[in-house]
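Participant: Input file: protein.cif. Contents: mmCIF, C-alpha atoms.
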data_input
#
loop_
_atom_site.label_atom_id
_atom_site.label_comp_id
_atom_site.auth_asym_id
_atom_site.auth_seq_id
_atom_site.Cartn_x
_atom_site.Cartn_y
_atom_site.Cartn_z
CA MET A 1 -77.69 -48.44 60.57
CA LEU A 2 -75.73 -48.00 57.37
CA GLY A 3 -74.70 -50.95 55.23
CA ARG A 4 -70.93 -50.83 55.60
CA ARG A 5 -69.47 -49.99 59.00
CA SER A 6 -65.79 -50.33 58.23
CA ALA A 7 -63.46 -48.80 55.67
CA LEU A 8 -59.79 -47.86 55.40
CA TYR A 9 -58.65 -44.33 56.13
CA VAL A 10 -55.24 -43.51 54.58
CA TYR A 11 -52.70 -41.19 56.23
CA ALA A 12 -49.54 -41.54 54.21
CA ILE A 13 -47.60 -43.43 51.56
CA THR A 14 -44.26 -45.03 52.51
CA GLY A 15 -41.87 -47.70 51.26
CA SER A 16 -43.10 -51.28 51.50
CA ARG A 17 -41.43 -52.05 54.85
CA PRO A 18 -42.25 -49.07 57.02
CA GLU A 19 -41.41 -48.90 60.69
CA LEU A 20 -44.60 -47.82 62.42
CA PRO A 21 -44.52 -45.83 65.67
CA ASP A 22 -45.50 -47.85 68.73
CA GLY A 23 -48.78 -47.13 70.42
CA LEU A 24 -50.05 -44.72 67.82
CA ALA A 25 -53.72 -45.21 67.00
CA GLY A 26 -55.56 -43.89 63.97
CA ILE A 27 -58.66 -41.72 63.81
CA GLY A 28 -61.32 -43.49 65.85
CA GLY A 29 -58.74 -45.55 67.76
CA ALA A 30 -57.94 -48.49 65.45
CA CYS A 31 -54.32 -49.60 64.92
CA LEU A 32 -52.29 -48.35 61.98
CA GLN A 33 -51.62 -50.98 59.34
CA PRO A 34 -49.55 -50.97 56.14
CA VAL A 35 -51.31 -52.00 52.94
CA VAL A 36 -48.56 -52.99 50.50
CA CYS A 37 -48.51 -52.55 46.73
CA ARG A 38 -45.15 -53.60 45.20
CA SER A 39 -42.49 -51.23 46.65
CA LEU A 40 -45.02 -48.91 48.28
CA ALA A 41 -47.30 -49.10 51.30
CA ALA A 42 -50.28 -47.03 52.32
CA ILE A 43 -50.46 -46.46 56.07
CA ALA A 44 -54.10 -46.84 56.97
CA SER A 45 -56.46 -47.73 59.80
CA GLN A 46 -59.97 -49.13 59.98
CA VAL A 47 -62.58 -46.43 60.44
CA ASP A 48 -66.31 -46.16 60.61
CA PRO A 49 -66.85 -44.05 57.47
CA THR A 50 -69.63 -42.15 59.17
CA GLN A 51 -67.03 -40.90 61.67
CA VAL A 52 -64.57 -39.12 59.40
CA CYS A 53 -66.40 -35.84 58.81
CA PRO A 54 -63.72 -33.33 59.71
CA ASN A 55 -63.46 -31.53 62.99
CA ALA A 56 -60.44 -29.94 64.60
CA GLU A 57 -59.60 -33.04 66.64
CA ARG A 58 -59.62 -35.38 63.63
CA VAL A 59 -57.70 -33.03 61.37
CA LEU A 60 -55.04 -32.50 64.02
CA GLY A 61 -55.02 -36.27 64.62
CA HIS A 62 -54.33 -36.87 60.93
CA GLU A 63 -51.44 -34.41 61.00
CA HIS A 64 -50.07 -35.89 64.22
CA ILE A 65 -49.94 -39.35 62.65
CA VAL A 66 -48.27 -38.11 59.47
CA GLU A 67 -45.64 -36.24 61.51
CA ALA A 68 -45.01 -39.29 63.72
CA LEU A 69 -44.48 -41.40 60.58
CA CYS A 70 -42.08 -38.76 59.23
CA GLN A 71 -39.92 -39.24 62.32
CA ARG A 72 -39.49 -42.93 61.46
CA THR A 73 -39.48 -43.26 57.71
CA ARG A 74 -39.72 -41.53 54.33
CA VAL A 75 -43.27 -40.39 53.80
CA LEU A 76 -45.67 -38.87 51.30
CA PRO A 77 -48.50 -37.20 53.22
CA VAL A 78 -52.02 -38.02 52.01
CA ARG A 79 -54.85 -35.49 52.03
CA TYR A 80 -57.45 -35.63 54.79
CA GLY A 81 -60.59 -37.62 54.02
CA THR A 82 -59.06 -40.35 51.84
CA VAL A 83 -61.29 -43.31 52.65
CA LEU A 84 -61.46 -46.51 50.62
CA PRO A 85 -63.85 -49.39 51.16
CA ASP A 86 -61.28 -52.18 51.58
CA ALA A 87 -57.63 -53.22 51.14
CA GLY A 88 -58.16 -54.54 47.62
CA THR A 89 -59.51 -51.20 46.43
CA LEU A 90 -56.66 -49.40 48.17
CA VAL A 91 -54.05 -51.61 46.45
CA ARG A 92 -55.69 -50.90 43.07
CA ALA A 93 -55.66 -47.16 43.83
CA LEU A 94 -51.93 -47.33 44.65
CA ASP A 95 -51.31 -49.36 41.51
CA GLU A 96 -53.11 -46.81 39.35
CA ARG A 97 -50.74 -43.99 40.36
CA TYR A 98 -47.78 -46.23 41.19
CA GLU A 99 -45.04 -44.63 39.08
CA THR A 100 -45.99 -41.11 40.16
CA LEU A 101 -46.12 -42.06 43.82
CA LEU A 102 -42.82 -43.90 43.64
CA ALA A 103 -41.12 -40.91 41.98
CA ASP A 104 -42.70 -38.48 44.50
CA LEU A 105 -41.48 -40.61 47.40
CA ALA A 106 -37.94 -40.62 45.98
CA ARG A 107 -38.07 -36.84 45.43
CA LEU A 108 -39.83 -35.80 48.65
CA GLY A 109 -39.13 -38.54 51.21
CA GLY A 110 -37.17 -37.12 54.15
CA LYS A 111 -37.66 -33.52 52.97
CA VAL A 112 -39.66 -30.86 54.80
CA GLU A 113 -41.51 -27.75 53.75
CA LEU A 114 -41.68 -24.31 55.32
CA GLY A 115 -44.58 -21.93 54.77
CA LEU A 116 -43.89 -18.22 54.31
CA ARG A 117 -46.63 -15.60 54.32
CA VAL A 118 -45.98 -11.90 53.98
CA LEU A 119 -48.82 -9.59 54.88
CA TRP A 120 -49.10 -5.89 54.22
CA ASN A 121 -51.62 -3.15 54.61
CA PRO A 122 -52.67 -2.27 51.04
CA ASP A 123 -54.14 1.08 52.12
CA ALA A 124 -50.84 2.15 53.67
CA LEU A 125 -49.06 1.18 50.45
CA GLU A 126 -51.38 3.41 48.44
CA SER A 127 -50.54 6.44 50.53
CA ASP A 128 -46.92 5.74 49.66
CA ASP A 129 -47.63 6.46 46.01
CA GLN A 130 -44.14 7.16 44.74
CA GLY A 131 -43.02 3.56 44.92
CA SER A 132 -40.38 4.13 47.57
CA THR A 133 -40.73 0.68 49.14
CA PRO A 134 -37.94 -1.79 48.37
CA ALA A 135 -40.44 -3.98 46.54
CA ALA A 136 -41.71 -1.34 44.17
CA SER A 137 -38.31 0.15 43.44
CA GLN A 138 -37.28 -3.05 41.68
CA GLY A 139 -39.87 -2.63 38.94
CA SER A 140 -42.40 -5.20 37.85
CA GLY A 141 -42.39 -5.66 34.10
CA GLU A 142 -46.17 -5.46 34.22
CA PRO A 143 -48.27 -2.81 32.48
CA VAL A 144 -49.32 0.01 34.78
CA PHE A 145 -51.94 2.58 34.01
CA PRO A 146 -50.63 6.10 33.46
CA ARG A 147 -51.20 8.28 36.49
CA ASP A 148 -53.60 10.54 34.60
CA ALA A 149 -55.60 7.74 33.00
CA ALA A 150 -58.73 8.63 34.87
CA ALA A 151 -58.44 12.21 33.72
CA CYS A 152 -58.52 11.04 30.09
CA VAL A 153 -62.14 10.12 30.51
CA ALA A 154 -63.68 13.55 30.27
CA GLY A 155 -67.31 14.65 30.46
CA GLY A 156 -70.50 12.83 29.57
CA ARG A 157 -72.62 10.32 31.37
CA GLY A 158 -70.95 7.54 33.25
CA THR A 159 -67.71 9.46 33.61
CA SER A 160 -67.62 9.04 37.36
CA TYR A 161 -68.29 5.36 37.01
CA LEU A 162 -65.52 4.91 34.47
CA ARG A 163 -63.14 6.95 36.57
CA LEU A 164 -63.87 4.72 39.52
CA ARG A 165 -63.34 1.62 37.40
CA LEU A 166 -60.05 2.95 36.10
CA ALA A 167 -58.87 3.95 39.54
CA GLU A 168 -59.70 0.51 40.88
CA GLN A 169 -57.97 -1.21 37.97
CA ARG A 170 -54.89 0.96 38.45
CA ARG A 171 -54.87 0.23 42.17
CA ARG A 172 -55.00 -3.52 41.55
CA ASP A 173 -52.29 -3.41 38.87
CA ASP A 174 -50.07 -1.40 41.17
CA LEU A 175 -50.65 -3.78 44.08
CA ARG A 176 -49.85 -6.81 41.93
CA ALA A 177 -46.70 -5.18 40.53
CA ARG A 178 -45.46 -4.46 44.05
CA ALA A 179 -46.29 -8.00 45.19
CA ASN A 180 -44.47 -9.50 42.20
CA ALA A 181 -41.39 -7.44 42.95
CA LEU A 182 -41.52 -8.43 46.61
CA GLY A 183 -41.86 -12.10 45.63
CA ARG A 184 -38.73 -11.88 43.45
CA HIS A 185 -36.87 -10.09 46.23
CA LEU A 186 -37.75 -12.83 48.77
CA ASN A 187 -36.86 -15.63 46.38
CA ALA A 188 -33.46 -14.14 45.61
CA THR A 189 -32.59 -14.55 49.29
CA LEU A 190 -34.46 -17.73 50.21
CA LEU A 191 -34.57 -19.95 47.13
CA PRO A 192 -30.80 -20.68 47.08
CA GLN A 193 -31.29 -22.50 50.41
CA ALA A 194 -34.26 -24.53 49.17
CA ILE A 195 -34.79 -27.37 46.70
CA ASP A 196 -38.00 -25.97 45.24
CA SER A 197 -40.76 -23.45 45.94
CA ARG A 198 -44.47 -22.97 45.32
CA PRO A 199 -45.14 -19.23 45.30
CA ALA A 200 -48.53 -17.53 45.24
CA ILE A 201 -48.46 -13.78 44.58
CA LEU A 202 -51.22 -11.62 46.08
CA PRO A 203 -53.74 -14.39 46.82
CA THR A 204 -55.66 -11.70 48.75
CA ASP A 205 -55.13 -7.95 48.92
CA CYS A 206 -53.63 -8.19 52.42
CA LEU A 207 -51.47 -11.21 51.65
CA ALA A 208 -48.70 -10.04 49.34
CA VAL A 209 -46.87 -13.35 49.05
CA SER A 210 -47.64 -16.87 50.22
CA SER A 211 -44.83 -19.26 49.35
CA THR A 212 -43.90 -22.77 50.36
CA TYR A 213 -40.28 -23.92 50.25
CA LEU A 214 -39.05 -27.51 50.05
CA LEU A 215 -35.89 -28.08 52.09
CA GLU A 216 -33.47 -30.67 53.33
CA PRO A 217 -34.05 -30.72 57.11
CA THR A 218 -30.42 -29.73 57.63
CA ARG A 219 -31.04 -26.42 55.82
CA VAL A 220 -33.91 -25.27 58.03
CA ALA A 221 -31.73 -23.36 60.52
CA GLY A 222 -29.93 -21.46 57.76
CA PHE A 223 -33.22 -20.69 56.05
CA ARG A 224 -34.58 -19.26 59.32
CA GLU A 225 -31.55 -17.01 59.68
CA SER A 226 -32.09 -15.61 56.19
CA PHE A 227 -35.76 -15.19 56.98
CA GLU A 228 -34.98 -13.22 60.14
CA ARG A 229 -32.68 -10.89 58.18
CA LEU A 230 -35.46 -10.29 55.64
CA ARG A 231 -37.94 -9.59 58.39
CA ALA A 232 -35.61 -7.10 60.05
CA ALA A 233 -35.02 -5.33 56.72
CA HIS A 234 -38.76 -4.80 56.09
CA PRO A 235 -40.38 -3.56 59.29
CA ALA A 236 -43.53 -2.38 57.49
CA LEU A 237 -44.36 -5.91 56.35
CA ARG A 238 -45.61 -8.72 58.55
CA PHE A 239 -43.77 -12.01 58.08
CA LEU A 240 -45.02 -15.43 59.18
CA LEU A 241 -42.87 -18.53 58.86
CA SER A 242 -44.34 -21.92 59.74
CA GLY A 243 -43.02 -25.45 59.80
CA PRO A 244 -41.17 -27.61 59.19
CA TRP A 245 -44.11 -29.62 57.83
CA PRO A 246 -44.34 -32.85 55.88
CA PRO A 247 -44.05 -31.97 52.15
CA TYR A 248 -47.81 -31.75 51.47
CA SER A 249 -47.46 -28.94 48.94
CA PHE A 250 -45.04 -30.65 46.58
CA VAL A 251 -46.76 -33.94 45.74
CA THR A 252 -47.75 -34.34 42.10
CA PRO A 253 -51.43 -33.52 41.72
CA PRO A 254 -53.69 -35.88 39.75
CA ASN A 255 -53.88 -34.96 36.07
CA ASP A 256 -57.43 -33.81 36.05
CA ARG A 257 -57.33 -31.51 39.07
CA PRO A 258 -54.76 -28.78 39.62
CA LEU A 259 -54.41 -28.92 43.39
CA ALA A 260 -51.21 -27.27 44.47
CA GLY A 261 -51.04 -23.53 44.59
CA ALA A 262 -54.77 -22.89 44.51
CA SER A 263 -55.20 -19.46 46.00
CA LEU A 264 -57.47 -18.66 48.88
CA ARG A 265 -59.45 -16.51 46.49
CA ASP A 266 -60.09 -19.55 44.28
CA LEU A 267 -61.15 -21.54 47.31
CA SER A 268 -63.38 -18.73 48.54
CA ALA A 269 -65.09 -18.44 45.16
CA LEU A 270 -65.63 -22.18 44.99
CA ALA A 271 -66.88 -22.29 48.55
CA SER A 272 -69.31 -19.45 47.90
CA ALA A 273 -70.60 -21.13 44.75
CA LEU A 274 -71.24 -24.37 46.61
CA VAL A 275 -72.47 -22.98 49.89
CA GLY A 276 -76.15 -23.11 48.90
CA GLN A 277 -75.82 -26.74 47.90
CA TYR A 278 -73.93 -27.48 51.09
CA THR A 279 -76.50 -25.94 53.40
CA SER A 280 -79.44 -27.56 51.63
CA GLU A 281 -77.78 -30.98 51.89
CA GLU A 282 -77.06 -30.39 55.53
CA GLU A 283 -80.72 -29.91 56.42
CA MET B 1 -41.87 -31.73 64.33
CA SER B 2 -40.90 -28.43 65.81
CA ARG B 3 -43.34 -25.57 65.59
CA ALA B 4 -40.71 -22.90 66.20
CA GLY B 5 -41.34 -19.80 64.16
CA VAL B 6 -45.10 -20.05 64.35
CA GLU B 7 -46.46 -17.00 66.06
CA SER B 8 -49.74 -18.23 67.49
CA LYS B 9 -51.99 -21.25 67.84
CA ASP B 10 -54.35 -19.77 65.26
CA VAL B 11 -51.61 -19.47 62.68
CA THR B 12 -50.56 -23.05 63.37
CA LEU B 13 -54.10 -24.29 62.95
CA LEU B 14 -54.52 -22.33 59.74
CA GLU B 15 -51.30 -23.72 58.34
CA ILE B 16 -52.31 -27.27 59.26
CA LEU B 17 -55.78 -26.87 57.75
CA ASP B 18 -54.34 -25.38 54.61
CA ARG B 19 -52.07 -28.38 54.12
CA VAL B 20 -54.02 -31.33 55.47
CA LEU B 21 -57.30 -30.38 53.83
CA ASP B 22 -56.18 -28.95 50.53
CA ARG B 23 -52.85 -30.59 49.69
CA GLY B 24 -51.20 -33.97 49.89
CA VAL B 25 -51.59 -37.11 47.84
CA VAL B 26 -54.99 -37.75 46.30
CA LEU B 27 -55.66 -41.45 45.74
CA ALA B 28 -58.19 -42.27 43.07
CA GLY B 29 -60.57 -39.49 44.05
CA ASP B 30 -63.66 -41.13 42.59
CA LEU B 31 -63.36 -44.05 44.95
CA THR B 32 -63.66 -41.84 47.98
CA ILE B 33 -66.92 -40.27 46.91
CA SER B 34 -69.31 -42.72 48.44
CA VAL B 35 -68.60 -45.26 51.15
CA ALA B 36 -71.40 -46.76 53.22
CA ASP B 37 -73.87 -44.25 51.84
CA VAL B 38 -71.81 -41.35 53.16
CA ASP B 39 -71.06 -38.83 50.45
CA LEU B 40 -67.47 -37.83 51.06
CA ILE B 41 -67.64 -35.01 48.53
CA PHE B 42 -69.34 -33.15 51.32
CA VAL B 43 -66.60 -34.06 53.72
CA GLY B 44 -64.25 -32.14 51.47
CA LEU B 45 -66.63 -29.24 51.14
CA LYS B 46 -67.18 -28.87 54.86
CA VAL B 47 -63.46 -28.93 55.36
CA MET B 48 -62.89 -26.32 52.73
CA LEU B 49 -65.51 -23.96 54.11
CA THR B 50 -64.01 -24.22 57.56
CA SER B 51 -60.56 -23.59 56.19
CA VAL B 52 -61.55 -20.53 54.18
CA GLU B 53 -63.57 -19.08 57.00
CA ARG B 54 -60.74 -19.41 59.49
CA ALA B 55 -58.24 -18.11 56.99
CA GLU B 56 -60.27 -15.01 56.23
CA ARG B 57 -60.86 -14.28 59.91
CA LEU B 58 -57.21 -14.65 60.70
CA ARG B 59 -56.21 -12.54 57.74
CA TRP B 60 -58.47 -9.66 58.76
CA GLY B 61 -57.22 -9.85 62.30
CA LEU B 62 -53.60 -9.70 61.25
CA ALA B 63 -54.15 -6.95 58.70
CA GLY B 64 -56.02 -4.88 61.28
CA SER B 65 -53.16 -5.10 63.75
CA GLU B 66 -50.67 -3.36 61.53
#
Spit out the file's structure as structure tokens when you get a sec.
Facilitator:
Amino acid sequence: MLGRRSALYVYAITGSRPELPDGLAGIGGACLQPVVCRSLAAIASQVDPTQVCPNAERVLGHEHIVEALCQRTRVLPVRYGTVLPDAGTLVRALDERYETLLADLARLGGKVELGLRVLWNPDALESDDQGSTPAASQGSGEPVFPRDAAACVAGGRGTSYLRLRLAEQRRRDDLRARANALGRHLNATLLPQAIDSRPAILPTDCLAVSSTYLLEPTRVAGFRESFERLRAAHPALRFLLSGPWPPYSFVTPPNDRPLAGASLRDLSALASALVGQYTSEEE
Amino acid sequence: MSRAGVESKDVTLLEILDRVLDRGVVLAGDLTISVADVDLIFVGLKVMLTSVERAERLRWGLAGSE
């Protein structure tokens, strides 16, 4: 039996007098309760802290609660796994970031975000080497290796290796230039309908663009129409549009940790670096 | 909220994981590290591994279908 069996799990930040949905229980079944700090409240529920390790059910439960709150009131969504020992500690945590949270709630409350991912087949792009896609034809402003760069490395040991390195570098530069151009092309159409965006260019080779757009809910239908026109104009690309979601991607990150916009590659590298530690702790 | 525009359950789950686990307000991160002897740093790590794994699987599947 562990020492402390109860803690507060936080789902969202709202104004100080939130209207909570009826009959909605938190993770583990306890009632939602507001914990107030000046003009803000954290919507929390009592949990057994040994019962918050994530699984699909709990993560979806967290999202369900945040979305239900969004239907009733202006909300800042909180990241999964935010557990504090008691209400006093939670109030101090709110107080510590009070001005930032208050400004974020004013900026983001009532807004939604849409997620856009554009996938391509990088090998098919390479066969189309003359840049005839709409994306590439717009130019990139980025340095690109001359086509005969590999040929400049002539004779001697290691030539094949260097040629391979150069070819790979040129391939990556070309891919990034095309993705940048595509990103600008998408933004020219979509950004006028949005309040803000968080773009990630080429987070993986197959994912050309992954952007999140902040919108007034009333603009979602118009945004979708523009999206459908873009999709129809680029049959070789695969478009995914998701949402509307609570504005998770636009909250101000804490000073010491850049959180928004981390690419999947960054996450993968971090996960790989930690995986040994993770598995040894698990045993 | 409506889920119109999402093309499959997997995509929806990926999008939710990506947001709920990696974005959103962080409250005084240090305070969440240890509650009742449970090290919540590893909560985050487990979440992240799951998210990356699913994302990569999905990505390969989608890329392969083109």
Participant: Atom CA of Arg171 of chain A to atom CA of Ser210 of chain A: how many Å, to one decimal?
Facilitator: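 The value is 20.2 Å.
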Participant: What's around Gly26 of chain A at 12 Å? Count only C-alpha atoms, leave out sequence neighbours fewer than 2 positions away in its own chain, and write the answer as JSON, numbers by chain.
Facilitator: {"A": [8, 9, 10, 11, 12, 20, 21, 22, 23, 24, 28, 29, 30, 31, 32, 33, 43, 44, 45, 46, 47, 48, 52, 57, 58, 59, 60, 61, 62, 63, 64, 65, 66, 68, 69]}
Participant: What residues in chain A have any atom no more than 6 Å from chain B when counting only C-alpha atoms, and can you write them as a compact mmCIF listing (two decimals) with C-alpha atoms, in the frame of the given file?
Facilitator:
# COMPACT_ATOMS: atom_id res chain seq x y z
CA GLY A 3 -74.70 -50.95 55.23
CA ARG A 4 -70.93 -50.83 55.60
CA CYS A 53 -66.40 -35.84 58.81
CA PRO A 77 -48.50 -37.20 53.22
CA VAL A 78 -52.02 -38.02 52.01
CA ARG A 79 -54.85 -35.49 52.03
CA TYR A 80 -57.45 -35.63 54.79
CA VAL A 83 -61.29 -43.31 52.65
CA LEU A 84 -61.46 -46.51 50.62
CA ALA A 93 -55.66 -47.16 43.83
CA LEU A 241 -42.87 -18.53 58.86
CA SER A 242 -44.34 -21.92 59.74
CA GLY A 243 -43.02 -25.45 59.80
CA TYR A 248 -47.81 -31.75 51.47
CA SER A 249 -47.46 -28.94 48.94
CA ALA A 271 -66.88 -22.29 48.55
Participant: Have a look at atom CA of Ile201 of chain A and atom CA of Ala179 of chain A and let me know their distance in Å, one decimal.
Facilitator: 6.2 Å
Participant: What does the distance between atom CA of Ala181 of chain A and atom CA of Glu113 of chain A come to in Å, to one decimal place?
Facilitator: 23.0 Å
Participant: Leaving out segment 227-236 of chain A and any residue of its chain fewer than 5 positions from it, which residues lie within 8 Å of it when counting all atoms listed in the file, given as a PyMOL selection string?
Facilitator: chain A and resi 120+186+190
Participant: Written as a list in words, which residues does the PyMOL selection byres ((chain A and resi 220) around 9) give for the file shown?
Facilitator: Val112, Leu114, Gln193, Ala194, Leu215, Glu216, Pro217, Thr218, Arg219, Ala221, Gly222, Phe223, Arg224, Glu225 and Pro244 of chain A
